[in-house]
Amino acid sequence: MDSIKSVVFIDEKALEFYKKIPKVLEPEERLSINLLNRFKKRGASLAVHKFNSSDISNVELKKYLFDNRDLVLLDWELDQDYVVGKGYSLKLLSDVVSTSHLHFCAIYTSTIRDADVFDNIISFFSGRTSVQFEEIRDALSEHEDGLRKVLNRVDLYDLSKNSRVIPELNNLDRGLIGEIKAATGINDLPRALKYAKIAFSDLIKSEIENLQPDIVDRNNQIIVINNTIITLIKKNHNKDPENLIRRLSSQVSISQNSFTQLLGIEMQNVFAKKGSFIDANLLNVSLETFLYHRSQMSGAHGDLPFEIFMKELLLAHAKLNLRSEKLSILDSTFLTSISPKKPKASDSEIAKINTFYNGSILSEDRTINFGDIFHYENTTYLMCITPLCDCLYPNDNIKNKFYFVKGQKFSTIQEPIALGDEAFISYVDEATCISWAGIGKSTKQDKHKPIYVKPLQLYIPNNNIINSTLSVLDWFEGEPKPITLTYKFTLRQQYAQRIANHAFAHPIRVGVDFVKK
């Protein structure tokens, strides 16, 4: 937990630090003071917020509460009315998981029914709205009395168990299974039953379509939604001021995602502390000199080239400062202590980590750039290998004719994993890896043959990627052929450069003749 540096505690009875300390403290008020002292000793900042129902609609306040935080301690009962209070908590939790890079949330509760917390989270983050659940309920209303008894045996977590109620459904009505599938819009019956159970339950439903959980671990009381690890911490007013942080640390460490989350947090903290973007040389440069350089680079394309140049320069400078910094979570002794004797990894997990090493998805609309990968058709992909400077000035430098390489998706993820880093391949996600050297049946002679990655050119009149699509023109039998490409991924520069170097060597190959038999 040493990596966590910014925390917010939200409770309707919390004591905010600018308020006068009462003579007789409520348990939550005492906890507020003790948490501040505990986190201060650990070098972390804590913001304490006393919840009010108006906070739900206060956008600016929620930005303050959740932006740039590492951990949220969220009370489950945010009102004297238990049902109303947990409704507030679920709405705030929706904001928590929608906030970028907010890694941990601990739900702090005194309820003796753990299932009530988890069941309501599953319902609220089902991907359906309260209106949609009402429609499901209306569609199945004529079977309600008998159906409720059957749905009581439906499992919201282990869906494989739900097939056990099929005989009971058939006893109620032979056509009921088909009606449940139609009402929920889900052909998979065990999953459809989950949504039917939520529809007929008193669980809280969301007014909007929320994100759904990626991982639900009921045994360890952990749910992961949109890369936020959510865990459950029981209230113990007699011991919590001393033990809450220890219990939270223990709970978080159980999650299979916690190590990578903490690695990211520690790197953020080191970057904030040591990753200086400027030094004395730049500080001593006058603004006029800075603007003189801008005038040289600006032109028909506005300030975009200058902005990109400065961002790359500042990042490179920060990278130099961080090169010698140590990350405690990557300490060799620590990693050895937690490592099993024979570590194992599934093919899916290997593909995931290779995807991270390879690059990332850039979600915003922008212009095409070096290393962008697009889906063309079926199993065919294209990657832009046009140099960055030409991508910035496509009309002036290359007359809007961009260079690409064409690749094919492997039929299985096991094939590229066996190749390691020896081939011209790119991972796009856990199920997709692309070969830029072509895929086909190999022969004994192949190991002696050269591998060619052949470049091709496409005309792009408008180089803007909008809603993940890019319109380009190819030529087929002398006629322009419009093509729509779908953006999928962007490779890190060194990975893309390796493929581009090989592709641009293709025109300088030399042909020779030999007799073969």
# chains A, B, ... in the order shown; residues from 1 in each chain; ligands from 1
call {"tool": "select_by_dssp", "arguments": {"residues": "segment 266-394 of chain A", "states": "strand (DSSP E)", "output": "ChimeraX atom specification"}}
result
/A:359-360,366-367,372-377,380-384
call {"tool": "residues_around", "arguments": {"residues": "Asn378 of chain A", "least_positions_apart": "2", "cutoff": "12 Å", "atoms": "only C-alpha atoms", "output": "PDB file with N, CA, C and O atoms, in the first residue's frame"}}
result
ATOM      1  N   PHE A 374      -4.903  -0.857 -38.609  1.00  0.00           N
ATOM      2  CA  PHE A 374      -6.310  -0.814 -39.011  1.00  0.00           C
ATOM      3  C   PHE A 374      -6.765  -2.185 -39.488  1.00  0.00           C
ATOM      4  O   PHE A 374      -5.988  -2.932 -40.107  1.00  0.00           O
ATOM      5  N   HIS A 375      -8.026  -2.491 -39.215  1.00  0.00           N
ATOM      6  CA  HIS A 375      -8.622  -3.703 -39.784  1.00  0.00           C
ATOM      7  C   HIS A 375      -9.158  -3.361 -41.159  1.00  0.00           C
ATOM      8  O   HIS A 375      -9.857  -2.363 -41.336  1.00  0.00           O
ATOM      9  N   TYR A 376      -8.820  -4.204 -42.148  1.00  0.00           N
ATOM     10  CA  TYR A 376      -9.244  -3.964 -43.522  1.00  0.00           C
ATOM     11  C   TYR A 376     -10.462  -4.832 -43.850  1.00  0.00           C
ATOM     12  O   TYR A 376     -11.577  -4.367 -43.968  1.00  0.00           O
ATOM     13  N   THR A 380      -7.491  -9.573 -42.638  1.00  0.00           N
ATOM     14  CA  THR A 380      -6.445  -8.692 -43.170  1.00  0.00           C
ATOM     15  C   THR A 380      -6.370  -7.383 -42.388  1.00  0.00           C
ATOM     16  O   THR A 380      -7.395  -6.763 -42.096  1.00  0.00           O
ATOM     17  N   TYR A 381      -5.142  -6.983 -42.072  1.00  0.00           N
ATOM     18  CA  TYR A 381      -4.891  -5.738 -41.339  1.00  0.00           C
ATOM     19  C   TYR A 381      -3.852  -4.914 -42.094  1.00  0.00           C
ATOM     20  O   TYR A 381      -3.031  -5.457 -42.852  1.00  0.00           O
ATOM     21  N   LEU A 382      -3.876  -3.593 -41.884  1.00  0.00           N
ATOM     22  CA  LEU A 382      -2.897  -2.684 -42.470  1.00  0.00           C
ATOM     23  C   LEU A 382      -2.266  -1.856 -41.357  1.00  0.00           C
ATOM     24  O   LEU A 382      -2.954  -1.444 -40.420  1.00  0.00           O
ATOM     25  N   GLY A 407      -0.929  -7.248 -43.313  1.00  0.00           N
ATOM     26  CA  GLY A 407      -0.704  -8.436 -42.491  1.00  0.00           C
ATOM     27  C   GLY A 407      -1.944  -9.292 -42.373  1.00  0.00           C
ATOM     28  O   GLY A 407      -3.054  -8.867 -42.694  1.00  0.00           O
ATOM     29  N   GLN A 408      -1.728 -10.527 -41.894  1.00  0.00           N
ATOM     30  CA  GLN A 408      -2.817 -11.481 -41.709  1.00  0.00           C
ATOM     31  C   GLN A 408      -2.891 -11.921 -40.253  1.00  0.00           C
ATOM     32  O   GLN A 408      -1.855 -12.150 -39.618  1.00  0.00           O
ATOM     33  N   LYS A 409      -4.111 -12.053 -39.746  1.00  0.00           N
ATOM     34  CA  LYS A 409      -4.314 -12.524 -38.382  1.00  0.00           C
ATOM     35  C   LYS A 409      -4.021 -14.016 -38.280  1.00  0.00           C
ATOM     36  O   LYS A 409      -4.427 -14.799 -39.138  1.00  0.00           O
ATOM     37  N   PHE A 410      -3.277 -14.409 -37.240  1.00  0.00           N
ATOM     38  CA  PHE A 410      -3.051 -15.828 -36.973  1.00  0.00           C
ATOM     39  C   PHE A 410      -4.382 -16.499 -36.619  1.00  0.00           C
ATOM     40  O   PHE A 410      -5.240 -15.895 -35.957  1.00  0.00           O
ATOM     41  N   SER A 411      -4.536 -17.744 -37.040  1.00  0.00           N
ATOM     42  CA  SER A 411      -5.783 -18.460 -36.766  1.00  0.00           C
ATOM     43  C   SER A 411      -5.905 -18.822 -35.293  1.00  0.00           C
ATOM     44  O   SER A 411      -7.013 -18.933 -34.755  1.00  0.00           O
ATOM     45  N   LEU A 485     -11.243   1.855 -43.488  1.00  0.00           N
ATOM     46  CA  LEU A 485     -10.427   1.114 -42.529  1.00  0.00           C
ATOM     47  C   LEU A 485     -10.920   1.418 -41.116  1.00  0.00           C
ATOM     48  O   LEU A 485     -11.350   2.537 -40.823  1.00  0.00           O
ATOM     49  N   THR A 486     -10.827   0.424 -40.242  1.00  0.00           N
ATOM     50  CA  THR A 486     -11.242   0.591 -38.852  1.00  0.00           C
ATOM     51  C   THR A 486     -10.016   0.562 -37.952  1.00  0.00           C
ATOM     52  O   THR A 486      -9.272  -0.422 -37.943  1.00  0.00           O
TER      53      THR A 486
END
call {"tool": "closest_atom_pairs", "arguments": {"of": "segment 74-181 of chain A", "to": "segment 193-201 of chain A", "cutoff": "6 Å", "atoms": "only C-alpha atoms", "output": "CSV"}}
result
residue,atom,partner,partner_atom,distance
A:Phe133,CA,A:Ala199,CA,4.8
A:Arg137,CA,A:Ala199,CA,5.7
A:Leu151,CA,A:Lys197,CA,5.4
A:Leu156,CA,A:Lys194,CA,5.5
call {"tool": "closest_atom_pairs", "arguments": {"of": "segment 145-251 of chain A", "to": "segment 107-122 of chain A", "cutoff": "12 Å", "atoms": "only C-alpha atoms", "output": "tab-separated table"}}
result
residue	atom	partner	partner_atom	distance
A:Asp155	CA	A:Asp119	CA	10.2
A:Leu156	CA	A:Asp119	CA	7.6
A:Tyr157	CA	A:Ile122	CA	8.7
A:Lys194	CA	A:Ile122	CA	9.9
A:Tyr195	CA	A:Ile122	CA	10.1
A:Lys197	CA	A:Asp119	CA	10.8
A:Ile198	CA	A:Ile122	CA	8.9
A:Ser201	CA	A:Asn120	CA	10.1
A:Asp202	CA	A:Asn120	CA	9.1
A:Leu203	CA	A:Asn120	CA	5.4
A:Ile204	CA	A:Asn120	CA	5.8
A:Lys205	CA	A:Asn120	CA	7.9
A:Ser206	CA	A:Ile121	CA	9.9
A:Asn210	CA	A:Ile122	CA	10.5
A:Leu211	CA	A:Ile122	CA	10.4
A:Gln212	CA	A:Ile122	CA	8.0
A:Pro213	CA	A:Ile122	CA	7.7
A:Asp214	CA	A:Ile122	CA	11.2
A:Ile215	CA	A:Ile122	CA	11.0
A:Val216	CA	A:Ile122	CA	9.0
A:Asp217	CA	A:Phe118	CA	10.0
A:Arg218	CA	A:Phe118	CA	8.0
A:Asn219	CA	A:Asp114	CA	10.7
A:Asn220	CA	A:Asp114	CA	11.3
A:Gln221	CA	A:Phe118	CA	8.2
A:Ile222	CA	A:Phe118	CA	9.1
A:Ile223	CA	A:Phe118	CA	8.5
A:Val224	CA	A:Ile121	CA	11.0
A:Ile225	CA	A:Ile121	CA	10.3
A:Ile229	CA	A:Ile107	CA	10.7
A:Ile230	CA	A:Ile107	CA	7.2
A:Thr231	CA	A:Ile107	CA	6.2
A:Leu232	CA	A:Ile107	CA	4.9
A:Ile233	CA	A:Tyr108	CA	4.9
A:Lys234	CA	A:Thr109	CA	5.1
A:Lys235	CA	A:Ser110	CA	5.0
A:Asn236	CA	A:Ser110	CA	7.8
A:His237	CA	A:Ser110	CA	9.5
A:Asp240	CA	A:Tyr108	CA	10.7
A:Leu244	CA	A:Tyr108	CA	9.8
A:Ile245	CA	A:Tyr108	CA	11.9
A:Arg247	CA	A:Tyr108	CA	11.4
A:Leu248	CA	A:Tyr108	CA	10.0
A:Gln251	CA	A:Ile107	CA	11.6
call {"tool": "select_by_dssp", "arguments": {"residues": "segment 132-354 of chain A", "states": "alpha helix (DSSP H)", "output": "JSON, numbers by chain"}}
result
{"A": [132, 133, 134, 135, 136, 137, 138, 139, 144, 145, 146, 147, 148, 149, 150, 151, 166, 167, 168, 169, 170, 171, 172, 176, 177, 178, 179, 180, 181, 182, 183, 184, 189, 190, 191, 192, 193, 194, 195, 196, 197, 198, 199, 200, 240, 241, 242, 243, 244, 245, 246, 247, 248, 249, 250, 251, 252, 253, 254, 258, 259, 260, 261, 262, 263, 264, 265, 266, 267, 268, 269, 270, 271, 272, 273, 274, 280, 281, 282, 283, 287, 288, 289, 290, 291, 292, 293, 294, 295, 296, 297, 304, 305, 306, 307, 308, 309, 310, 311, 312, 313, 314, 315, 316, 317, 318, 319, 320, 321, 322, 332, 333, 334, 335, 336, 337, 338, 347, 348, 349, 350, 351, 352, 353, 354]}
call {"tool": "residues_around", "arguments": {"residues": "Ile483 of chain A", "least_positions_apart": "6", "cutoff": "7 Å", "atoms": "only C-alpha atoms", "output": "compact mmCIF listing (two decimals) with C-alpha atoms, in the first residue's frame"}}
result
# COMPACT_ATOMS: atom_id res chain seq x y z
CA SER A 471 -11.42 6.58 -45.60
CA VAL A 472 -8.70 5.70 -48.14
CA LEU A 473 -8.39 5.02 -51.88
call {"tool": "residues_around", "arguments": {"residues": "Tyr393 of chain A", "least_positions_apart": "3", "cutoff": "12 Å", "atoms": "only C-alpha atoms", "output": "JSON list (two decimals) with N, CA and C atoms, in the first residue's frame"}}
result
[["chain", "number", "residue", "atom", "x", "y", "z"],
["A", 297, "MET", "N", 8.45, 26.52, -37.27],
["A", 297, "MET", "CA", 7.78, 25.24, -37.47],
["A", 297, "MET", "C", 6.32, 25.38, -37.88],
["A", 298, "SER", "N", 5.69, 26.50, -37.52],
["A", 298, "SER", "CA", 4.27, 26.69, -37.83],
["A", 298, "SER", "C", 4.10, 27.07, -39.29],
["A", 299, "GLY", "N", 2.96, 26.69, -39.83],
["A", 299, "GLY", "CA", 2.68, 27.01, -41.22],
["A", 299, "GLY", "C", 1.24, 26.68, -41.53],
["A", 300, "ALA", "N", 1.04, 26.01, -42.68],
["A", 300, "ALA", "CA", -0.31, 25.66, -43.10],
["A", 300, "ALA", "C", -1.00, 24.71, -42.13],
["A", 301, "HIS", "N", -0.20, 23.98, -41.36],
["A", 301, "HIS", "CA", -0.77, 23.01, -40.43],
["A", 301, "HIS", "C", -0.90, 23.57, -39.02],
["A", 302, "GLY", "N", -0.76, 24.88, -38.87],
["A", 302, "GLY", "CA", -0.92, 25.49, -37.56],
["A", 302, "GLY", "C", 0.18, 25.08, -36.61],
["A", 304, "LEU", "N", 0.28, 22.28, -34.78],
["A", 304, "LEU", "CA", 0.33, 20.85, -34.49],
["A", 304, "LEU", "C", 1.75, 20.27, -34.54],
["A", 305, "PRO", "N", 2.55, 20.53, -35.58],
["A", 305, "PRO", "CA", 3.91, 19.99, -35.60],
["A", 305, "PRO", "C", 4.76, 20.45, -34.41],
["A", 367, "THR", "N", -5.30, 12.54, -36.30],
["A", 367, "THR", "CA", -4.81, 12.23, -37.63],
["A", 367, "THR", "C", -4.02, 10.91, -37.58],
["A", 368, "ILE", "N", -3.95, 10.24, -38.73],
["A", 368, "ILE", "CA", -3.23, 8.98, -38.82],
["A", 368, "ILE", "C", -1.75, 9.21, -38.52],
["A", 369, "ASN", "N", -1.11, 8.23, -37.89],
["A", 369, "ASN", "CA", 0.28, 8.38, -37.51],
["A", 369, "ASN", "C", 1.04, 7.07, -37.68],
["A", 386, "THR", "N", 4.34, 5.15, -42.63],
["A", 386, "THR", "CA", 4.75, 6.45, -43.15],
["A", 386, "THR", "C", 5.48, 7.22, -42.05],
["A", 387, "PRO", "N", 6.67, 7.75, -42.33],
["A", 387, "PRO", "CA", 7.41, 8.49, -41.29],
["A", 387, "PRO", "C", 6.58, 9.62, -40.69],
["A", 388, "LEU", "N", 6.86, 9.92, -39.41],
["A", 388, "LEU", "CA", 6.07, 10.91, -38.67],
["A", 388, "LEU", "C", 6.04, 12.27, -39.37],
["A", 389, "CYS", "N", 7.18, 12.71, -39.87],
["A", 389, "CYS", "CA", 7.20, 14.03, -40.51],
["A", 389, "CYS", "C", 6.29, 14.08, -41.73],
["A", 390, "ASP", "N", 6.19, 12.96, -42.46],
["A", 390, "ASP", "CA", 5.29, 12.91, -43.62],
["A", 390, "ASP", "C", 3.83, 12.81, -43.19],
["A", 396, "ASP", "N", 2.13, 18.18, -48.54],
["A", 396, "ASP", "CA", 3.39, 18.78, -49.02],
["A", 396, "ASP", "C", 4.44, 17.72, -49.32],
["A", 397, "ASN", "N", 4.57, 16.72, -48.44],
["A", 397, "ASN", "CA", 5.70, 15.79, -48.54],
["A", 397, "ASN", "C", 5.43, 14.56, -49.41],
["A", 398, "ILE", "N", 4.21, 14.02, -49.32],
["A", 398, "ILE", "CA", 3.96, 12.73, -50.00],
["A", 398, "ILE", "C", 2.70, 12.77, -50.87],
["A", 399, "LYS", "N", 2.16, 13.95, -51.10],
["A", 399, "LYS", "CA", 0.96, 14.10, -51.92],
["A", 399, "LYS", "C", -0.16, 13.18, -51.45],
["A", 400, "ASN", "N", -0.24, 13.03, -50.13],
["A", 400, "ASN", "CA", -1.29, 12.23, -49.47],
["A", 400, "ASN", "C", -1.23, 10.73, -49.81],
["A", 401, "LYS", "N", -0.05, 10.28, -50.28],
["A", 401, "LYS", "CA", 0.12, 8.84, -50.56],
["A", 401, "LYS", "C", 0.91, 8.22, -49.41],
["A", 402, "PHE", "N", 0.20, 7.50, -48.56],
["A", 402, "PHE", "CA", 0.76, 6.94, -47.34],
["A", 402, "PHE", "C", 1.25, 5.52, -47.56],
["A", 462, "ASN", "N", -8.23, 12.70, -46.78],
["A", 462, "ASN", "CA", -8.43, 13.30, -45.46],
["A", 462, "ASN", "C", -7.84, 12.36, -44.42],
["A", 463, "ASN", "N", -6.75, 12.80, -43.77],
["A", 463, "ASN", "CA", -6.01, 11.90, -42.88],
["A", 463, "ASN", "C", -6.53, 11.87, -41.45]]
call {"tool": "decode", "arguments": {"residues": "segment 67-80 of chain A", "atoms": "all heavy atoms", "output": "PDB file, in the first residue's frame"}}
result
ATOM      1  N   ASP A  67     -10.830  12.669  -9.283  1.00  0.00           N
ATOM      2  CA  ASP A  67      -9.716  12.850 -10.222  1.00  0.00           C
ATOM      3  C   ASP A  67      -8.376  12.777  -9.483  1.00  0.00           C
ATOM      4  O   ASP A  67      -8.205  13.359  -8.411  1.00  0.00           O
ATOM      5  CB  ASP A  67      -9.829  14.195 -10.934  1.00  0.00           C
ATOM      6  CG  ASP A  67     -10.871  14.166 -12.047  1.00  0.00           C
ATOM      7  OD1 ASP A  67     -11.510  13.109 -12.222  1.00  0.00           O
ATOM      8  OD2 ASP A  67     -11.064  15.195 -12.723  1.00  0.00           O
ATOM      9  N   ASN A  68      -7.444  12.040 -10.067  1.00  0.00           N
ATOM     10  CA  ASN A  68      -6.082  11.907  -9.543  1.00  0.00           C
ATOM     11  C   ASN A  68      -6.017  11.249  -8.161  1.00  0.00           C
ATOM     12  O   ASN A  68      -5.091  11.497  -7.399  1.00  0.00           O
ATOM     13  CB  ASN A  68      -5.380  13.275  -9.497  1.00  0.00           C
ATOM     14  CG  ASN A  68      -5.288  13.925 -10.859  1.00  0.00           C
ATOM     15  OD1 ASN A  68      -4.889  13.276 -11.829  1.00  0.00           O
ATOM     16  ND2 ASN A  68      -5.661  15.187 -10.951  1.00  0.00           N
ATOM     17  N   ARG A  69      -7.007  10.428  -7.842  1.00  0.00           N
ATOM     18  CA  ARG A  69      -6.969   9.659  -6.594  1.00  0.00           C
ATOM     19  C   ARG A  69      -6.482   8.240  -6.887  1.00  0.00           C
ATOM     20  O   ARG A  69      -6.694   7.702  -7.978  1.00  0.00           O
ATOM     21  CB  ARG A  69      -8.355   9.576  -5.958  1.00  0.00           C
ATOM     22  CG  ARG A  69      -9.015  10.904  -5.669  1.00  0.00           C
ATOM     23  CD  ARG A  69      -8.352  11.661  -4.545  1.00  0.00           C
ATOM     24  NE  ARG A  69      -9.086  12.899  -4.269  1.00  0.00           N
ATOM     25  CZ  ARG A  69      -8.672  13.831  -3.449  1.00  0.00           C
ATOM     26  NH1 ARG A  69      -7.529  13.700  -2.803  1.00  0.00           N
ATOM     27  NH2 ARG A  69      -9.390  14.925  -3.261  1.00  0.00           N
ATOM     28  N   ASP A  70      -5.866   7.640  -5.880  1.00  0.00           N
ATOM     29  CA  ASP A  70      -5.451   6.238  -5.980  1.00  0.00           C
ATOM     30  C   ASP A  70      -6.458   5.313  -5.304  1.00  0.00           C
ATOM     31  O   ASP A  70      -6.608   4.153  -5.696  1.00  0.00           O
ATOM     32  CB  ASP A  70      -4.083   6.028  -5.316  1.00  0.00           C
ATOM     33  CG  ASP A  70      -2.994   6.860  -5.953  1.00  0.00           C
ATOM     34  OD1 ASP A  70      -3.030   7.023  -7.189  1.00  0.00           O
ATOM     35  OD2 ASP A  70      -2.122   7.360  -5.223  1.00  0.00           O
ATOM     36  N   LEU A  71      -7.129   5.817  -4.276  1.00  0.00           N
ATOM     37  CA  LEU A  71      -8.026   4.981  -3.478  1.00  0.00           C
ATOM     38  C   LEU A  71      -9.213   5.803  -2.985  1.00  0.00           C
ATOM     39  O   LEU A  71      -9.058   6.941  -2.550  1.00  0.00           O
ATOM     40  CB  LEU A  71      -7.263   4.419  -2.268  1.00  0.00           C
ATOM     41  CG  LEU A  71      -8.063   3.756  -1.148  1.00  0.00           C
ATOM     42  CD1 LEU A  71      -8.739   2.475  -1.642  1.00  0.00           C
ATOM     43  CD2 LEU A  71      -7.156   3.455   0.054  1.00  0.00           C
ATOM     44  N   VAL A  72     -10.410   5.201  -3.065  1.00  0.00           N
ATOM     45  CA  VAL A  72     -11.624   5.795  -2.501  1.00  0.00           C
ATOM     46  C   VAL A  72     -12.130   4.870  -1.391  1.00  0.00           C
ATOM     47  O   VAL A  72     -12.337   3.674  -1.614  1.00  0.00           O
ATOM     48  CB  VAL A  72     -12.720   5.968  -3.566  1.00  0.00           C
ATOM     49  CG1 VAL A  72     -14.017   6.486  -2.927  1.00  0.00           C
ATOM     50  CG2 VAL A  72     -12.264   6.923  -4.661  1.00  0.00           C
ATOM     51  N   LEU A  73     -12.298   5.424  -0.191  1.00  0.00           N
ATOM     52  CA  LEU A  73     -12.961   4.716   0.911  1.00  0.00           C
ATOM     53  C   LEU A  73     -14.401   5.209   0.939  1.00  0.00           C
ATOM     54  O   LEU A  73     -14.670   6.352   1.310  1.00  0.00           O
ATOM     55  CB  LEU A  73     -12.270   5.015   2.242  1.00  0.00           C
ATOM     56  CG  LEU A  73     -10.850   4.478   2.422  1.00  0.00           C
ATOM     57  CD1 LEU A  73     -10.239   5.023   3.704  1.00  0.00           C
ATOM     58  CD2 LEU A  73     -10.867   2.958   2.467  1.00  0.00           C
ATOM     59  N   LEU A  74     -15.323   4.360   0.514  1.00  0.00           N
ATOM     60  CA  LEU A  74     -16.709   4.768   0.305  1.00  0.00           C
ATOM     61  C   LEU A  74     -17.641   4.046   1.272  1.00  0.00           C
ATOM     62  O   LEU A  74     -17.728   2.813   1.261  1.00  0.00           O
ATOM     63  CB  LEU A  74     -17.124   4.471  -1.141  1.00  0.00           C
ATOM     64  CG  LEU A  74     -18.569   4.768  -1.540  1.00  0.00           C
ATOM     65  CD1 LEU A  74     -18.868   6.257  -1.402  1.00  0.00           C
ATOM     66  CD2 LEU A  74     -18.826   4.296  -2.972  1.00  0.00           C
ATOM     67  N   ASP A  75     -18.333   4.826   2.098  1.00  0.00           N
ATOM     68  CA  ASP A  75     -19.306   4.236   3.021  1.00  0.00           C
ATOM     69  C   ASP A  75     -20.490   3.682   2.234  1.00  0.00           C
ATOM     70  O   ASP A  75     -20.945   4.297   1.267  1.00  0.00           O
ATOM     71  CB  ASP A  75     -19.777   5.301   4.015  1.00  0.00           C
ATOM     72  CG  ASP A  75     -20.735   4.728   5.055  1.00  0.00           C
ATOM     73  OD1 ASP A  75     -20.414   3.671   5.624  1.00  0.00           O
ATOM     74  OD2 ASP A  75     -21.798   5.324   5.282  1.00  0.00           O
ATOM     75  N   TRP A  76     -21.003   2.523   2.648  1.00  0.00           N
ATOM     76  CA  TRP A  76     -22.111   1.877   1.947  1.00  0.00           C
ATOM     77  C   TRP A  76     -23.462   2.451   2.379  1.00  0.00           C
ATOM     78  O   TRP A  76     -24.396   2.491   1.599  1.00  0.00           O
ATOM     79  CB  TRP A  76     -22.060   0.373   2.196  1.00  0.00           C
ATOM     80  CG  TRP A  76     -23.151  -0.436   1.546  1.00  0.00           C
ATOM     81  CD1 TRP A  76     -24.134  -1.134   2.165  1.00  0.00           C
ATOM     82  CD2 TRP A  76     -23.339  -0.656   0.142  1.00  0.00           C
ATOM     83  NE1 TRP A  76     -24.945  -1.776   1.243  1.00  0.00           N
ATOM     84  CE2 TRP A  76     -24.472  -1.494  -0.015  1.00  0.00           C
ATOM     85  CE3 TRP A  76     -22.677  -0.205  -0.999  1.00  0.00           C
ATOM     86  CZ2 TRP A  76     -24.939  -1.908  -1.257  1.00  0.00           C
ATOM     87  CZ3 TRP A  76     -23.156  -0.620  -2.254  1.00  0.00           C
ATOM     88  CH2 TRP A  76     -24.268  -1.455  -2.370  1.00  0.00           C
ATOM     89  N   GLU A  77     -23.557   2.896   3.607  1.00  0.00           N
ATOM     90  CA  GLU A  77     -24.815   3.424   4.130  1.00  0.00           C
ATOM     91  C   GLU A  77     -24.729   4.948   4.212  1.00  0.00           C
ATOM     92  O   GLU A  77     -24.429   5.508   5.275  1.00  0.00           O
ATOM     93  CB  GLU A  77     -25.131   2.830   5.512  1.00  0.00           C
ATOM     94  CG  GLU A  77     -25.271   1.313   5.502  1.00  0.00           C
ATOM     95  CD  GLU A  77     -23.965   0.580   5.822  1.00  0.00           C
ATOM     96  OE1 GLU A  77     -22.963   1.249   6.144  1.00  0.00           O
ATOM     97  OE2 GLU A  77     -23.957  -0.659   5.723  1.00  0.00           O
ATOM     98  N   LEU A  78     -25.015   5.631   3.106  1.00  0.00           N
ATOM     99  CA  LEU A  78     -24.858   7.088   3.044  1.00  0.00           C
ATOM    100  C   LEU A  78     -26.137   7.829   3.414  1.00  0.00           C
ATOM    101  O   LEU A  78     -26.306   9.006   3.073  1.00  0.00           O
ATOM    102  CB  LEU A  78     -24.403   7.508   1.642  1.00  0.00           C
ATOM    103  CG  LEU A  78     -22.942   7.185   1.295  1.00  0.00           C
ATOM    104  CD1 LEU A  78     -22.640   7.540  -0.152  1.00  0.00           C
ATOM    105  CD2 LEU A  78     -21.978   7.898   2.238  1.00  0.00           C
ATOM    106  N   ASP A  79     -27.038   7.152   4.119  1.00  0.00           N
ATOM    107  CA  ASP A  79     -28.261   7.779   4.586  1.00  0.00           C
ATOM    108  C   ASP A  79     -28.813   6.926   5.724  1.00  0.00           C
ATOM    109  O   ASP A  79     -28.532   5.731   5.818  1.00  0.00           O
ATOM    110  CB  ASP A  79     -29.288   7.872   3.450  1.00  0.00           C
ATOM    111  CG  ASP A  79     -30.471   8.757   3.788  1.00  0.00           C
ATOM    112  OD1 ASP A  79     -31.442   8.254   4.388  1.00  0.00           O
ATOM    113  OD2 ASP A  79     -30.416   9.962   3.469  1.00  0.00           O
ATOM    114  N   GLN A  80     -29.616   7.558   6.617  1.00  0.00           N
ATOM    115  CA  GLN A  80     -30.232   6.791   7.698  1.00  0.00           C
ATOM    116  C   GLN A  80     -31.158   5.717   7.152  1.00  0.00           C
ATOM    117  O   GLN A  80     -31.317   4.654   7.753  1.00  0.00           O
ATOM    118  CB  GLN A  80     -31.012   7.735   8.625  1.00  0.00           C
ATOM    119  CG  GLN A  80     -30.118   8.628   9.471  1.00  0.00           C
ATOM    120  CD  GLN A  80     -30.909   9.486  10.438  1.00  0.00           C
ATOM    121  OE1 GLN A  80     -32.105   9.686  10.269  1.00  0.00           O
ATOM    122  NE2 GLN A  80     -30.223   9.979  11.465  1.00  0.00           N
TER     123      GLN A  80
END
